[in-house]
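Listing of query_22.pdb; format and content: PDB, N, CA and C atoms, pLDDT in the B column.
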ATOM      1  N   MET A   1    -153.777  64.901  93.435  1.00 65.00           N
ATOM      2  CA  MET A   1    -152.482  65.561  93.429  1.00 65.00           C
ATOM      3  C   MET A   1    -151.786  65.374  92.092  1.00 65.00           C
ATOM      4  N   SER A   2    -152.122  64.319  91.399  1.00 89.00           N
ATOM      5  CA  SER A   2    -151.494  64.017  90.130  1.00 89.00           C
ATOM      6  C   SER A   2    -151.817  65.084  89.076  1.00 89.00           C
ATOM      7  N   ILE A   3    -153.038  65.604  89.089  1.00 91.00           N
ATOM      8  CA  ILE A   3    -153.432  66.630  88.122  1.00 91.00           C
ATOM      9  C   ILE A   3    -152.639  67.909  88.354  1.00 91.00           C
ATOM     10  N   VAL A   4    -152.492  68.288  89.612  1.00 92.00           N
ATOM     11  CA  VAL A   4    -151.719  69.493  89.937  1.00 92.00           C
ATOM     12  C   VAL A   4    -150.276  69.320  89.498  1.00 92.00           C
ATOM     13  N   ARG A   5    -149.722  68.160  89.750  1.00 91.00           N
ATOM     14  CA  ARG A   5    -148.346  67.892  89.355  1.00 91.00           C
ATOM     15  C   ARG A   5    -148.194  67.966  87.840  1.00 91.00           C
ATOM     16  N   GLN A   6    -149.146  67.420  87.099  1.00 92.00           N
ATOM     17  CA  GLN A   6    -149.090  67.471  85.644  1.00 92.00           C
ATOM     18  C   GLN A   6    -149.188  68.912  85.147  1.00 92.00           C
ATOM     19  N   LEU A   7    -150.050  69.708  85.754  1.00 91.00           N
ATOM     20  CA  LEU A   7    -150.187  71.108  85.353  1.00 91.00           C
ATOM     21  C   LEU A   7    -148.903  71.891  85.622  1.00 91.00           C
ATOM     22  N   LEU A   8    -148.328  71.673  86.789  1.00 90.00           N
ATOM     23  CA  LEU A   8    -147.079  72.361  87.121  1.00 90.00           C
ATOM     24  C   LEU A   8    -145.949  71.924  86.201  1.00 90.00           C
ATOM     25  N   TRP A   9    -145.871  70.647  85.911  1.00 90.00           N
ATOM     26  CA  TRP A   9    -144.813  70.144  85.031  1.00 90.00           C
ATOM     27  C   TRP A   9    -144.982  70.717  83.621  1.00 90.00           C
ATOM     28  N   GLY A  10    -146.208  70.806  83.140  1.00 91.00           N
ATOM     29  CA  GLY A  10    -146.465  71.396  81.831  1.00 91.00           C
ATOM     30  C   GLY A  10    -146.079  72.867  81.784  1.00 91.00           C
ATOM     31  N   ALA A  11    -146.407  73.608  82.835  1.00 90.00           N
ATOM     32  CA  ALA A  11    -146.029  75.019  82.902  1.00 90.00           C
ATOM     33  C   ALA A  11    -144.514  75.166  82.951  1.00 90.00           C
ATOM     34  N   PHE A  12    -143.863  74.300  83.680  1.00 87.00           N
ATOM     35  CA  PHE A  12    -142.398  74.336  83.757  1.00 87.00           C
ATOM     36  C   PHE A  12    -141.778  74.074  82.395  1.00 87.00           C
ATOM     37  N   ARG A  13    -142.292  73.087  81.664  1.00 91.00           N
ATOM     38  CA  ARG A  13    -141.752  72.782  80.337  1.00 91.00           C
ATOM     39  C   ARG A  13    -141.950  73.937  79.369  1.00 91.00           C
ATOM     40  N   ARG A  14    -143.115  74.585  79.416  1.00 90.00           N
ATOM     41  CA  ARG A  14    -143.354  75.731  78.532  1.00 90.00           C
ATOM     42  C   ARG A  14    -142.415  76.877  78.865  1.00 90.00           C
ATOM     43  N   ALA A  15    -142.211  77.122  80.142  1.00 89.00           N
ATOM     44  CA  ALA A  15    -141.302  78.209  80.539  1.00 89.00           C
ATOM     45  C   ALA A  15    -139.869  77.878  80.149  1.00 89.00           C
ATOM     46  N   ALA A  16    -139.463  76.634  80.324  1.00 89.00           N
ATOM     47  CA  ALA A  16    -138.090  76.245  80.015  1.00 89.00           C
ATOM     48  C   ALA A  16    -137.813  76.275  78.517  1.00 89.00           C
ATOM     49  N   SER A  17    -138.848  76.138  77.703  1.00 91.00           N
ATOM     50  CA  SER A  17    -138.639  76.161  76.253  1.00 91.00           C
ATOM     51  C   SER A  17    -138.620  77.581  75.700  1.00 91.00           C
ATOM     52  N   ASP A  18    -138.935  78.570  76.525  1.00 91.00           N
ATOM     53  CA  ASP A  18    -138.919  79.971  76.105  1.00 91.00           C
ATOM     54  C   ASP A  18    -137.469  80.445  75.959  1.00 91.00           C
ATOM     55  N   PRO A  19    -137.086  80.958  74.789  1.00 91.00           N
ATOM     56  CA  PRO A  19    -135.698  81.399  74.589  1.00 91.00           C
ATOM     57  C   PRO A  19    -135.262  82.508  75.554  1.00 91.00           C
ATOM     58  N   ARG A  20    -136.185  83.376  75.961  1.00 93.00           N
ATOM     59  CA  ARG A  20    -135.820  84.438  76.914  1.00 93.00           C
ATOM     60  C   ARG A  20    -135.457  83.848  78.269  1.00 93.00           C
ATOM     61  N   VAL A  21    -136.203  82.842  78.687  1.00 91.00           N
ATOM     62  CA  VAL A  21    -135.915  82.181  79.964  1.00 91.00           C
ATOM     63  C   VAL A  21    -134.579  81.453  79.877  1.00 91.00           C
ATOM     64  N   GLN A  22    -134.314  80.813  78.760  1.00 91.00           N
ATOM     65  CA  GLN A  22    -133.046  80.114  78.587  1.00 91.00           C
ATOM     66  C   GLN A  22    -131.868  81.089  78.623  1.00 91.00           C
ATOM     67  N   GLN A  23    -132.015  82.239  77.956  1.00 94.00           N
ATOM     68  CA  GLN A  23    -130.942  83.238  77.946  1.00 94.00           C
ATOM     69  C   GLN A  23    -130.697  83.783  79.354  1.00 94.00           C
ATOM     70  N   LYS A  24    -131.762  84.041  80.084  1.00 94.00           N
ATOM     71  CA  LYS A  24    -131.626  84.541  81.458  1.00 94.00           C
ATOM     72  C   LYS A  24    -130.944  83.493  82.340  1.00 94.00           C
ATOM     73  N   ALA A  25    -131.253  82.226  82.123  1.00 92.00           N
ATOM     74  CA  ALA A  25    -130.619  81.152  82.896  1.00 92.00           C
ATOM     75  C   ALA A  25    -129.123  81.101  82.614  1.00 92.00           C
ATOM     76  N   VAL A  26    -128.737  81.291  81.355  1.00 94.00           N
ATOM     77  CA  VAL A  26    -127.318  81.288  81.000  1.00 94.00           C
ATOM     78  C   VAL A  26    -126.608  82.467  81.660  1.00 94.00           C
ATOM     79  N   GLN A  27    -127.215  83.648  81.604  1.00 96.00           N
ATOM     80  CA  GLN A  27    -126.618  84.836  82.224  1.00 96.00           C
ATOM     81  C   GLN A  27    -126.475  84.652  83.735  1.00 96.00           C
ATOM     82  N   THR A  28    -127.499  84.111  84.359  1.00 95.00           N
ATOM     83  CA  THR A  28    -127.464  83.886  85.807  1.00 95.00           C
ATOM     84  C   THR A  28    -126.380  82.880  86.166  1.00 95.00           C
ATOM     85  N   ALA A  29    -126.259  81.820  85.383  1.00 95.00           N
ATOM     86  CA  ALA A  29    -125.223  80.817  85.654  1.00 95.00           C
ATOM     87  C   ALA A  29    -123.830  81.423  85.535  1.00 95.00           C
ATOM     88  N   LYS A  30    -123.626  82.320  84.582  1.00 96.00           N
ATOM     89  CA  LYS A  30    -122.318  82.970  84.423  1.00 96.00           C
ATOM     90  C   LYS A  30    -121.992  83.846  85.624  1.00 96.00           C
ATOM     91  N   VAL A  31    -122.978  84.607  86.095  1.00 96.00           N
ATOM     92  CA  VAL A  31    -122.761  85.481  87.260  1.00 96.00           C
ATOM     93  C   VAL A  31    -122.464  84.655  88.503  1.00 96.00           C
ATOM     94  N   VAL A  32    -123.237  83.599  88.708  1.00 95.00           N
ATOM     95  CA  VAL A  32    -123.041  82.739  89.882  1.00 95.00           C
ATOM     96  C   VAL A  32    -121.672  82.068  89.820  1.00 95.00           C
ATOM     97  N   ASP A  33    -121.278  81.600  88.638  1.00 95.00           N
ATOM     98  CA  ASP A  33    -119.977  80.953  88.483  1.00 95.00           C
ATOM     99  C   ASP A  33    -118.849  81.929  88.804  1.00 95.00           C
ATOM    100  N   LYS A  34    -118.978  83.157  88.335  1.00 95.00           N
ATOM    101  CA  LYS A  34    -117.951  84.174  88.612  1.00 95.00           C
ATOM    102  C   LYS A  34    -117.847  84.453  90.112  1.00 95.00           C
ATOM    103  N   LYS A  35    -118.995  84.620  90.768  1.00 94.00           N
ATOM    104  CA  LYS A  35    -118.990  84.898  92.207  1.00 94.00           C
ATOM    105  C   LYS A  35    -118.434  83.720  93.000  1.00 94.00           C
ATOM    106  N   MET A  36    -118.782  82.505  92.607  1.00 93.00           N
ATOM    107  CA  MET A  36    -118.273  81.335  93.321  1.00 93.00           C
ATOM    108  C   MET A  36    -116.769  81.188  93.132  1.00 93.00           C
ATOM    109  N   THR A  37    -116.280  81.497  91.939  1.00 93.00           N
ATOM    110  CA  THR A  37    -114.840  81.430  91.691  1.00 93.00           C
ATOM    111  C   THR A  37    -114.107  82.463  92.538  1.00 93.00           C
ATOM    112  N   GLU A  38    -114.643  83.695  92.597  1.00 92.00           N
ATOM    113  CA  GLU A  38    -114.023  84.741  93.411  1.00 92.00           C
ATOM    114  C   GLU A  38    -114.003  84.342  94.887  1.00 92.00           C
ATOM    115  N   THR A  39    -115.101  83.799  95.363  1.00 90.00           N
ATOM    116  CA  THR A  39    -115.181  83.383  96.762  1.00 90.00           C
ATOM    117  C   THR A  39    -114.210  82.243  97.048  1.00 90.00           C
ATOM    118  N   ALA A  40    -114.120  81.296  96.142  1.00 89.00           N
ATOM    119  CA  ALA A  40    -113.186  80.180  96.325  1.00 89.00           C
ATOM    120  C   ALA A  40    -111.752  80.682  96.355  1.00 89.00           C
ATOM    121  N   ASP A  41    -111.426  81.657  95.505  1.00 89.00           N
ATOM    122  CA  ASP A  41    -110.082  82.226  95.502  1.00 89.00           C
ATOM    123  C   ASP A  41    -109.776  82.920  96.827  1.00 89.00           C
ATOM    124  N   LYS A  42    -110.767  83.628  97.378  1.00 87.00           N
ATOM    125  CA  LYS A  42    -110.580  84.291  98.669  1.00 87.00           C
ATOM    126  C   LYS A  42    -110.343  83.262  99.777  1.00 87.00           C
ATOM    127  N   VAL A  43    -111.108  82.186  99.753  1.00 82.00           N
ATOM    128  CA  VAL A  43    -110.967  81.146 100.778  1.00 82.00           C
ATOM    129  C   VAL A  43    -109.593  80.493 100.681  1.00 82.00           C
ATOM    130  N   VAL A  44    -109.158  80.203  99.468  1.00 81.00           N
ATOM    131  CA  VAL A  44    -107.846  79.585  99.279  1.00 81.00           C
ATOM    132  C   VAL A  44    -106.752  80.534  99.756  1.00 81.00           C
ATOM    133  N   GLY A  45    -106.881  81.820  99.441  1.00 81.00           N
ATOM    134  CA  GLY A  45    -105.897  82.802  99.894  1.00 81.00           C
ATOM    135  C   GLY A  45    -105.859  82.913 101.403  1.00 81.00           C
ATOM    136  N   PHE A  46    -107.017  82.926 102.025  1.00 76.00           N
ATOM    137  CA  PHE A  46    -107.084  83.011 103.478  1.00 76.00           C
ATOM    138  C   PHE A  46    -106.496  81.761 104.117  1.00 76.00           C
ATOM    139  N   ALA A  47    -106.814  80.601 103.551  1.00 72.00           N
ATOM    140  CA  ALA A  47    -106.301  79.347 104.106  1.00 72.00           C
ATOM    141  C   ALA A  47    -104.784  79.263 103.962  1.00 72.00           C
ATOM    142  N   ALA A  48    -104.238  79.845 102.910  1.00 72.00           N
ATOM    143  CA  ALA A  48    -102.787  79.819 102.721  1.00 72.00           C
ATOM    144  C   ALA A  48    -102.088  80.718 103.735  1.00 72.00           C
ATOM    145  N   GLU A  49    -102.757  81.801 104.143  1.00 74.00           N
ATOM    146  CA  GLU A  49    -102.174  82.734 105.107  1.00 74.00           C
ATOM    147  C   GLU A  49    -102.228  82.197 106.541  1.00 74.00           C
ATOM    148  N   LYS A  50    -103.265  81.447 106.836  1.00 71.00           N
ATOM    149  CA  LYS A  50    -103.511  81.010 108.215  1.00 71.00           C
ATOM    150  C   LYS A  50    -103.288  79.513 108.355  1.00 71.00           C
ATOM    151  N   ASP A  51    -102.778  79.133 109.503  1.00 67.00           N
ATOM    152  CA  ASP A  51    -102.668  77.720 109.832  1.00 67.00           C
ATOM    153  C   ASP A  51    -103.957  77.333 110.560  1.00 67.00           C
ATOM    154  N   PRO A  52    -104.812  76.530 109.960  1.00 63.00           N
ATOM    155  CA  PRO A  52    -106.107  76.226 110.563  1.00 63.00           C
ATOM    156  C   PRO A  52    -106.006  75.636 111.966  1.00 63.00           C
ATOM    157  N   VAL A  53    -104.999  74.843 112.224  1.00 68.00           N
ATOM    158  CA  VAL A  53    -104.873  74.220 113.546  1.00 68.00           C
ATOM    159  C   VAL A  53    -104.565  75.282 114.598  1.00 68.00           C
ATOM    160  N   ARG A  54    -103.626  76.175 114.294  1.00 69.00           N
ATOM    161  CA  ARG A  54    -103.284  77.218 115.257  1.00 69.00           C
ATOM    162  C   ARG A  54    -104.434  78.189 115.460  1.00 69.00           C
ATOM    163  N   GLU A  55    -105.122  78.556 114.384  1.00 71.00           N
ATOM    164  CA  GLU A  55    -106.241  79.489 114.505  1.00 71.00           C
ATOM    165  C   GLU A  55    -107.375  78.885 115.330  1.00 71.00           C
ATOM    166  N   ALA A  56    -107.644  77.605 115.138  1.00 74.00           N
ATOM    167  CA  ALA A  56    -108.691  76.947 115.924  1.00 74.00           C
ATOM    168  C   ALA A  56    -108.298  76.932 117.396  1.00 74.00           C
ATOM    169  N   GLY A  57    -107.021  76.685 117.659  1.00 75.00           N
ATOM    170  CA  GLY A  57    -106.549  76.695 119.044  1.00 75.00           C
ATOM    171  C   GLY A  57    -106.658  78.083 119.664  1.00 75.00           C
ATOM    172  N   ARG A  58    -106.336  79.102 118.905  1.00 74.00           N
ATOM    173  CA  ARG A  58    -106.462  80.471 119.418  1.00 74.00           C
ATOM    174  C   ARG A  58    -107.915  80.816 119.717  1.00 74.00           C
ATOM    175  N   MET A  59    -108.809  80.430 118.820  1.00 72.00           N
ATOM    176  CA  MET A  59    -110.224  80.728 119.027  1.00 72.00           C
ATOM    177  C   MET A  59    -110.743  79.986 120.256  1.00 72.00           C
ATOM    178  N   LEU A  60    -110.354  78.743 120.412  1.00 75.00           N
ATOM    179  CA  LEU A  60    -110.786  77.978 121.579  1.00 75.00           C
ATOM    180  C   LEU A  60    -110.237  78.612 122.855  1.00 75.00           C
ATOM    181  N   GLY A  61    -108.969  79.057 122.813  1.00 76.00           N
ATOM    182  CA  GLY A  61    -108.385  79.722 123.973  1.00 76.00           C
ATOM    183  C   GLY A  61    -109.116  80.996 124.327  1.00 76.00           C
ATOM    184  N   LYS A  62    -109.504  81.777 123.318  1.00 75.00           N
ATOM    185  CA  LYS A  62    -110.251  83.015 123.567  1.00 75.00           C
ATOM    186  C   LYS A  62    -111.623  82.725 124.154  1.00 75.00           C
ATOM    187  N   LEU A  63    -112.269  81.686 123.648  1.00 74.00           N
ATOM    188  CA  LEU A  63    -113.581  81.340 124.175  1.00 74.00           C
ATOM    189  C   LEU A  63    -113.492  80.891 125.630  1.00 74.00           C
ATOM    190  N   MET A  64    -112.479  80.108 125.928  1.00 78.00           N
ATOM    191  CA  MET A  64    -112.337  79.586 127.295  1.00 78.00           C
ATOM    192  C   MET A  64    -111.924  80.676 128.274  1.00 78.00           C
ATOM    193  N   SER A  65    -111.123  81.641 127.821  1.00 79.00           N
ATOM    194  CA  SER A  65    -110.655  82.679 128.727  1.00 79.00           C
ATOM    195  C   SER A  65    -111.629  83.842 128.832  1.00 79.00           C
ATOM    196  N   GLY A  66    -112.587  83.934 127.889  1.00 70.00           N
ATOM    197  CA  GLY A  66    -113.534  85.043 127.911  1.00 70.00           C
ATOM    198  C   GLY A  66    -112.969  86.284 127.258  1.00 70.00           C
ATOM    199  N   GLU A  67    -111.805  86.225 126.626  1.00 60.00           N
ATOM    200  CA  GLU A  67    -111.195  87.363 125.971  1.00 60.00           C
ATOM    201  C   GLU A  67    -111.953  87.650 124.664  1.00 60.00           C
ATOM    202  N   SER A  68    -112.157  88.933 124.371  1.00 57.00           N
ATOM    203  CA  SER A  68    -112.853  89.287 123.143  1.00 57.00           C
ATOM    204  C   SER A  68    -111.874  89.943 122.160  1.00 57.00           C
ATOM    205  N   GLU A  69    -112.303  90.065 120.935  1.00 54.00           N
ATOM    206  CA  GLU A  69    -111.474  90.697 119.895  1.00 54.00           C
ATOM    207  C   GLU A  69    -111.233  92.167 120.193  1.00 54.00           C
ATOM    208  N   ASP A  70    -112.138  92.843 120.876  1.00 53.00           N
ATOM    209  CA  ASP A  70    -112.021  94.273 121.140  1.00 53.00           C
ATOM    210  C   ASP A  70    -110.876  94.597 122.097  1.00 53.00           C
ATOM    211  N   LYS A  71    -110.468  93.668 122.908  1.00 52.00           N
ATOM    212  CA  LYS A  71    -109.433  93.919 123.900  1.00 52.00           C
ATOM    213  C   LYS A  71    -108.050  93.973 123.286  1.00 52.00           C
ATOM    214  N   ARG A  72    -107.876  93.463 122.069  1.00 50.00           N
ATOM    215  CA  ARG A  72    -106.555  93.438 121.469  1.00 50.00           C
ATOM    216  C   ARG A  72    -106.190  94.761 120.923  1.00 50.00           C
TER
END

Would you write out, as structure tokens, the structure that this file holds?
Amino acid sequence: MSIVRQLLWGAFRRAASDPRVQQKAVQTAKVVDKKMTETADKVVGFAAEKDPVREAGRMLGKLMSGESEDKR
């Protein structure tokens, strides 16, 4: 297993040293960072609008009563 691991590690190092791979990694990190920031902003906005304790209580009440969202 050690030989396979050495071969894979060598291939990984060669790929990581390729400038095209490095540039693609930077671009991907920027896109992911932007999407995560947007998602975090949405979550913060939603949390500011809703009281988590009351919403959890409402959801539990709906589950216990069998009421669905379509009935409202």

DSSP alpha helix (DSSP H) residues within region 13-70 of chain A, listed as a PyMOL selection string: chain A and resi 13-16+19-49+52-65

Straight-line distance linking atom C of Thr28 (chain A) with atom N of Arg13 (chain A), stated in Å to one decimal: 19.2 Å

Separation of CA of Ser17 (chain A) from atom C of Arg5 (chain A) in Å: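 Straight-line distance from atom C of Arg5 (chain A) to CA of Ser17 (chain A) works out to 17.1 Å.
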
Atom-to-atom span, CA of Leu8 (chain A) and atom N of Gln22 (chain A), Å: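 Those two atoms sit 17.4 Å apart.
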